[in-house]
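Structure, as structure tokens:
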Amino acid sequence: MLLTEYGRNVQNMVKYIIALPTKEERNRYAAVVIDLMGFLNPHLRDVADFKHKLWDHLHIISDYQLDVDSPYPKPTPEAIQIKPKPLRYPHQRIRYKHYGKTIELMIEKAKSIEEPERRKHMIQAIANFMKMAYVQWNKDSVADEMILSDLVALSGGELKIEENINLNRVEYRPAVQTNNNNRGGRSNNNQNNRGGSGGRTNNNNNPRNNNNQNNRNRNNGGSKKY
């Protein structure tokens with residue numbers, strides 16, 4: 001089979017259409033097969049101009065032998081087999097890989113800013129971004145002095161930040177693993193039910209218990225019944 005996603009029955013239908021004597025019959029049957037192909041592969045409806053895609057597949061299944069009035073140009077084997085040129089992987093030398101290429105582009109952009117106040121805010125934003133990138137890459141904290149030193153080195157000494165300015169606080173926090181020892185979503189309430197005397201609760205404050213105690217005292221210390 002040329003296109004296995006449509007199955008052998010569709011391929012047999014296409015062979016039957018090729019053998020029909022008149023173009024009118026071939027056009028009528030080809031339209032029915034196109035609808036069937038769309039029903040068998042509904043994901044093609046998400047493709048732009050999916051009808052064109054179905055007609056191209058119909059010609060491919062027929063091995064380009066189907067003579068019908070197609071609403072789209074008939075594809076050729078040469079055009080179908082053309083492969084796109086491989087994309088070149090960008091080989092760019094990054095001085096500090098944990099900062100990435102974006103930092104270098106931002107530094108070059110900051111160098112071209114002439115307005116002092118805007119340049120100052122841009123340099124501070126770059127330093128904060130460098131600190132965040134460093135922590136995410138190395139999974140460890142870093143001193144502000146090291147970030148500022150790297151900033152000067154990357155910019156060739158053109159970008160500097162005031163020493164009394166503190167960068168944003170960034171800390172590495174490892175993922176917390178939750179303990180799901182309880183099965184079936186049941187919570188363990190044994191600790192809540194346990195009191196200071198082995199789980200037994202003291203109900204001396206219960207009004208019923210107090211009444212019983214008072215009745216006992218009356219019977220013991222009161223007048224005897226004859």
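Residue numbers start at 1 in each chain; chains themselves are named A, B, ... in the order of the structure tokens; ligands are numbered from 1 in the order shown.
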Would you kindly return, as a PyMOL selection string, each protein, DNA or RNA residue with an atom no farther than 12 Å from any atom of segment 18-22 of chain A, considering only C-alpha atoms and excluding same-chain residues fewer than 6 positions away?
chain A and resi 11-12+28-30+58-59+61-69
Could the residues in this selection be saved with C-alpha atoms as a PDB file, in the first residue's frame?
ATOM      1  CA  GLN A  11      -6.687   1.612  -2.415  1.00  0.00           C
ATOM      2  CA  ASN A  12      -8.936  -0.981  -4.065  1.00  0.00           C
ATOM      3  CA  ARG A  28     -18.391  11.101  -9.230  1.00  0.00           C
ATOM      4  CA  TYR A  29     -16.663   8.171  -7.544  1.00  0.00           C
ATOM      5  CA  ALA A  30     -13.556  10.213  -6.757  1.00  0.00           C
ATOM      6  CA  LEU A  58      -5.773  10.389  -3.864  1.00  0.00           C
ATOM      7  CA  HIS A  59      -3.356  10.911  -6.750  1.00  0.00           C
ATOM      8  CA  ILE A  61      -2.640   6.245  -4.022  1.00  0.00           C
ATOM      9  CA  SER A  62      -3.435   5.935  -7.732  1.00  0.00           C
ATOM     10  CA  ASP A  63       0.278   6.158  -8.526  1.00  0.00           C
ATOM     11  CA  TYR A  64      -0.527   9.349 -10.500  1.00  0.00           C
ATOM     12  CA  GLN A  65      -2.636   7.384 -12.986  1.00  0.00           C
ATOM     13  CA  LEU A  66      -6.055   8.794 -12.031  1.00  0.00           C
ATOM     14  CA  ASP A  67      -7.587  10.982 -14.748  1.00  0.00           C
ATOM     15  CA  VAL A  68     -10.213  13.171 -13.047  1.00  0.00           C
ATOM     16  CA  ASP A  69     -11.175  16.834 -12.946  1.00  0.00           C
TER      17      ASP A  69
END
Near Val152 of chain A, within 12 Å and counting only C-alpha atoms, which residues show up once chain neighbours fewer than 4 positions away are dropped, as a ChimeraX atom specification?
/A:104,107,111,123,126-127,145-148,156-162
Pull N, CA, C and O atoms from the residues just selected and write them as a short mmCIF file (atom, residue, chain, number, x, y, z; two decimals), in the first residue's frame.
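Generated file (result37.cif):
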data_model
loop_
_atom_site.label_atom_id
_atom_site.label_comp_id
_atom_site.auth_asym_id
_atom_site.auth_seq_id
_atom_site.Cartn_x
_atom_site.Cartn_y
_atom_site.Cartn_z
N GLU A 104 24.28 38.24 26.48
CA GLU A 104 25.25 38.94 25.64
C GLU A 104 24.54 39.93 24.71
O GLU A 104 25.05 41.04 24.48
N ILE A 107 23.51 42.92 26.79
CA ILE A 107 24.65 43.77 27.11
C ILE A 107 25.02 44.66 25.92
O ILE A 107 25.30 45.85 26.07
N LYS A 111 24.91 48.83 25.79
CA LYS A 111 26.05 49.66 25.43
C LYS A 111 25.64 50.83 24.52
O LYS A 111 26.25 51.89 24.55
N ILE A 123 21.26 48.35 33.08
CA ILE A 123 22.37 47.57 33.64
C ILE A 123 21.92 46.80 34.88
O ILE A 123 22.27 45.63 35.07
N ILE A 126 19.88 43.81 33.84
CA ILE A 126 20.74 42.74 33.32
C ILE A 126 21.41 42.00 34.46
O ILE A 126 21.51 40.76 34.45
N ALA A 127 21.88 42.72 35.47
CA ALA A 127 22.54 42.07 36.60
C ALA A 127 21.58 41.17 37.37
O ALA A 127 21.93 40.05 37.77
N GLU A 145 28.77 40.36 44.33
CA GLU A 145 30.06 40.79 43.79
C GLU A 145 30.49 39.96 42.60
O GLU A 145 31.09 40.46 41.64
N MET A 146 30.18 38.65 42.62
CA MET A 146 30.55 37.79 41.51
C MET A 146 29.75 38.12 40.26
O MET A 146 30.28 38.12 39.14
N ILE A 147 28.46 38.44 40.42
CA ILE A 147 27.62 38.81 39.29
C ILE A 147 28.12 40.10 38.67
O ILE A 147 28.24 40.24 37.44
N LEU A 148 28.46 41.07 39.50
CA LEU A 148 28.95 42.35 38.99
C LEU A 148 30.29 42.18 38.29
O LEU A 148 30.56 42.85 37.29
N GLY A 156 33.24 43.99 28.61
CA GLY A 156 34.55 44.58 28.31
C GLY A 156 34.84 45.81 29.14
O GLY A 156 35.59 46.70 28.70
N GLY A 157 34.27 45.89 30.33
CA GLY A 157 34.50 47.02 31.21
C GLY A 157 33.65 48.24 30.93
O GLY A 157 33.81 49.27 31.59
N GLU A 158 32.72 48.14 29.96
CA GLU A 158 31.90 49.30 29.61
C GLU A 158 30.68 49.44 30.50
O GLU A 158 30.15 50.55 30.65
N LEU A 159 30.19 48.36 31.07
CA LEU A 159 29.00 48.41 31.91
C LEU A 159 29.41 48.15 33.35
O LEU A 159 29.96 47.09 33.67
N LYS A 160 29.13 49.10 34.20
CA LYS A 160 29.42 48.96 35.62
C LYS A 160 28.21 49.42 36.40
O LYS A 160 27.42 50.24 35.94
N ILE A 161 28.08 48.89 37.61
CA ILE A 161 26.96 49.23 38.47
C ILE A 161 27.49 49.74 39.80
O ILE A 161 28.60 49.36 40.22
N GLU A 162 26.73 50.59 40.42
CA GLU A 162 27.18 51.15 41.69
C GLU A 162 27.28 50.06 42.75
O GLU A 162 26.47 49.14 42.82
#
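Atom CA of Lys23 of chain A sits 19.8 Å away from atom CA of Leu36 of chain A.
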So which residues of segment 20-199 of chain A fall under alpha helix (DSSP H) by DSSP, listed as a ChimeraX atom specification?
/A:23-40,50-61,77-80,101-111,116-138,144-154,190-193
File dump, residues just selected, C-alpha atoms, as a PDB file, in the first residue's frame:
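Saved the output as selection_32.pdb:
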ATOM      1  CA  LYS A  23     -14.450  10.712 -16.805  1.00  0.00           C
ATOM      2  CA  GLU A  24     -17.896  11.588 -15.507  1.00  0.00           C
ATOM      3  CA  GLU A  25     -18.073   8.347 -13.567  1.00  0.00           C
ATOM      4  CA  ARG A  26     -14.516   8.768 -12.319  1.00  0.00           C
ATOM      5  CA  ASN A  27     -15.280  12.278 -11.059  1.00  0.00           C
ATOM      6  CA  ARG A  28     -18.391  11.101  -9.230  1.00  0.00           C
ATOM      7  CA  TYR A  29     -16.663   8.171  -7.544  1.00  0.00           C
ATOM      8  CA  ALA A  30     -13.556  10.213  -6.757  1.00  0.00           C
ATOM      9  CA  ALA A  31     -15.666  12.750  -4.826  1.00  0.00           C
ATOM     10  CA  VAL A  32     -17.147   9.897  -2.754  1.00  0.00           C
ATOM     11  CA  VAL A  33     -13.703   8.477  -2.011  1.00  0.00           C
ATOM     12  CA  ILE A  34     -12.451  11.926  -0.984  1.00  0.00           C
ATOM     13  CA  ASP A  35     -15.257  12.182   1.588  1.00  0.00           C
ATOM     14  CA  LEU A  36     -14.422   8.690   2.849  1.00  0.00           C
ATOM     15  CA  MET A  37     -10.737   9.558   3.179  1.00  0.00           C
ATOM     16  CA  GLY A  38     -11.628  12.643   5.204  1.00  0.00           C
ATOM     17  CA  PHE A  39     -13.846  10.524   7.466  1.00  0.00           C
ATOM     18  CA  LEU A  40     -11.064   7.974   8.042  1.00  0.00           C
ATOM     19  CA  PHE A  50      -7.156  19.818   4.056  1.00  0.00           C
ATOM     20  CA  LYS A  51      -9.204  19.158   0.894  1.00  0.00           C
ATOM     21  CA  HIS A  52      -6.122  19.894  -1.170  1.00  0.00           C
ATOM     22  CA  LYS A  53      -4.209  17.430   0.986  1.00  0.00           C
ATOM     23  CA  LEU A  54      -6.829  14.720   0.380  1.00  0.00           C
ATOM     24  CA  TRP A  55      -6.753  15.193  -3.389  1.00  0.00           C
ATOM     25  CA  ASP A  56      -2.957  14.947  -3.377  1.00  0.00           C
ATOM     26  CA  HIS A  57      -3.208  11.712  -1.399  1.00  0.00           C
ATOM     27  CA  LEU A  58      -5.773  10.389  -3.864  1.00  0.00           C
ATOM     28  CA  HIS A  59      -3.356  10.911  -6.750  1.00  0.00           C
ATOM     29  CA  ILE A  60      -0.529   9.335  -4.767  1.00  0.00           C
ATOM     30  CA  ILE A  61      -2.640   6.245  -4.022  1.00  0.00           C
ATOM     31  CA  PRO A  77       6.235  12.478  -8.274  1.00  0.00           C
ATOM     32  CA  GLU A  78       9.209  14.811  -8.472  1.00  0.00           C
ATOM     33  CA  ALA A  79       7.476  17.505  -6.400  1.00  0.00           C
ATOM     34  CA  ILE A  80       6.331  15.017  -3.766  1.00  0.00           C
ATOM     35  CA  LYS A 101      23.319  34.108  24.586  1.00  0.00           C
ATOM     36  CA  THR A 102      20.445  36.392  25.569  1.00  0.00           C
ATOM     37  CA  ILE A 103      22.575  38.118  28.216  1.00  0.00           C
ATOM     38  CA  GLU A 104      25.246  38.939  25.640  1.00  0.00           C
ATOM     39  CA  LEU A 105      22.626  40.458  23.338  1.00  0.00           C
ATOM     40  CA  MET A 106      21.198  42.495  26.218  1.00  0.00           C
ATOM     41  CA  ILE A 107      24.651  43.770  27.112  1.00  0.00           C
ATOM     42  CA  GLU A 108      25.282  44.885  23.527  1.00  0.00           C
ATOM     43  CA  LYS A 109      21.930  46.667  23.565  1.00  0.00           C
ATOM     44  CA  ALA A 110      22.770  48.413  26.848  1.00  0.00           C
ATOM     45  CA  LYS A 111      26.053  49.663  25.426  1.00  0.00           C
ATOM     46  CA  PRO A 116      22.315  57.884  31.783  1.00  0.00           C
ATOM     47  CA  GLU A 117      19.194  57.095  33.809  1.00  0.00           C
ATOM     48  CA  ARG A 118      17.847  54.603  31.300  1.00  0.00           C
ATOM     49  CA  ARG A 119      21.278  53.016  30.955  1.00  0.00           C
ATOM     50  CA  LYS A 120      21.494  52.641  34.734  1.00  0.00           C
ATOM     51  CA  HIS A 121      18.144  50.822  34.969  1.00  0.00           C
ATOM     52  CA  MET A 122      19.078  48.609  32.019  1.00  0.00           C
ATOM     53  CA  ILE A 123      22.373  47.570  33.643  1.00  0.00           C
ATOM     54  CA  GLN A 124      20.635  46.763  36.932  1.00  0.00           C
ATOM     55  CA  ALA A 125      17.988  44.678  35.127  1.00  0.00           C
ATOM     56  CA  ILE A 126      20.738  42.744  33.317  1.00  0.00           C
ATOM     57  CA  ALA A 127      22.542  42.072  36.603  1.00  0.00           C
ATOM     58  CA  ASN A 128      19.357  40.762  38.245  1.00  0.00           C
ATOM     59  CA  PHE A 129      18.695  38.521  35.248  1.00  0.00           C
ATOM     60  CA  MET A 130      22.254  37.203  35.415  1.00  0.00           C
ATOM     61  CA  LYS A 131      21.815  36.364  39.087  1.00  0.00           C
ATOM     62  CA  MET A 132      18.592  34.479  38.426  1.00  0.00           C
ATOM     63  CA  ALA A 133      20.191  32.547  35.537  1.00  0.00           C
ATOM     64  CA  TYR A 134      23.211  31.668  37.668  1.00  0.00           C
ATOM     65  CA  VAL A 135      21.077  30.271  40.493  1.00  0.00           C
ATOM     66  CA  GLN A 136      18.889  28.240  38.138  1.00  0.00           C
ATOM     67  CA  TRP A 137      21.907  26.756  36.354  1.00  0.00           C
ATOM     68  CA  ASN A 138      24.173  26.007  39.317  1.00  0.00           C
ATOM     69  CA  ASP A 144      26.363  39.971  44.179  1.00  0.00           C
ATOM     70  CA  GLU A 145      30.060  40.792  43.794  1.00  0.00           C
ATOM     71  CA  MET A 146      30.554  37.787  41.507  1.00  0.00           C
ATOM     72  CA  ILE A 147      27.624  38.809  39.290  1.00  0.00           C
ATOM     73  CA  LEU A 148      28.950  42.346  38.986  1.00  0.00           C
ATOM     74  CA  SER A 149      32.413  41.026  38.166  1.00  0.00           C
ATOM     75  CA  ASP A 150      31.009  38.825  35.393  1.00  0.00           C
ATOM     76  CA  LEU A 151      28.995  41.773  34.067  1.00  0.00           C
ATOM     77  CA  VAL A 152      32.141  43.869  33.756  1.00  0.00           C
ATOM     78  CA  ALA A 153      33.963  40.998  32.048  1.00  0.00           C
ATOM     79  CA  LEU A 154      31.155  40.343  29.548  1.00  0.00           C
ATOM     80  CA  ASN A 190      -4.138   8.429  65.734  1.00  0.00           C
ATOM     81  CA  GLN A 191      -2.024  11.252  67.096  1.00  0.00           C
ATOM     82  CA  ASN A 192      -5.074  13.462  67.393  1.00  0.00           C
ATOM     83  CA  ASN A 193      -7.047  10.822  69.234  1.00  0.00           C
TER      84      ASN A 193
END
If you count only C-alpha atoms, the residue of A:Ser70, A:His91, A:Pro84, A:Leu167 closest to Val142 of chain A turns out to be A:Leu167
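Pairwise distance (atom CA of Val14 of chain A, atom CA of Tyr72 of chain A) equals 17.7 Å.
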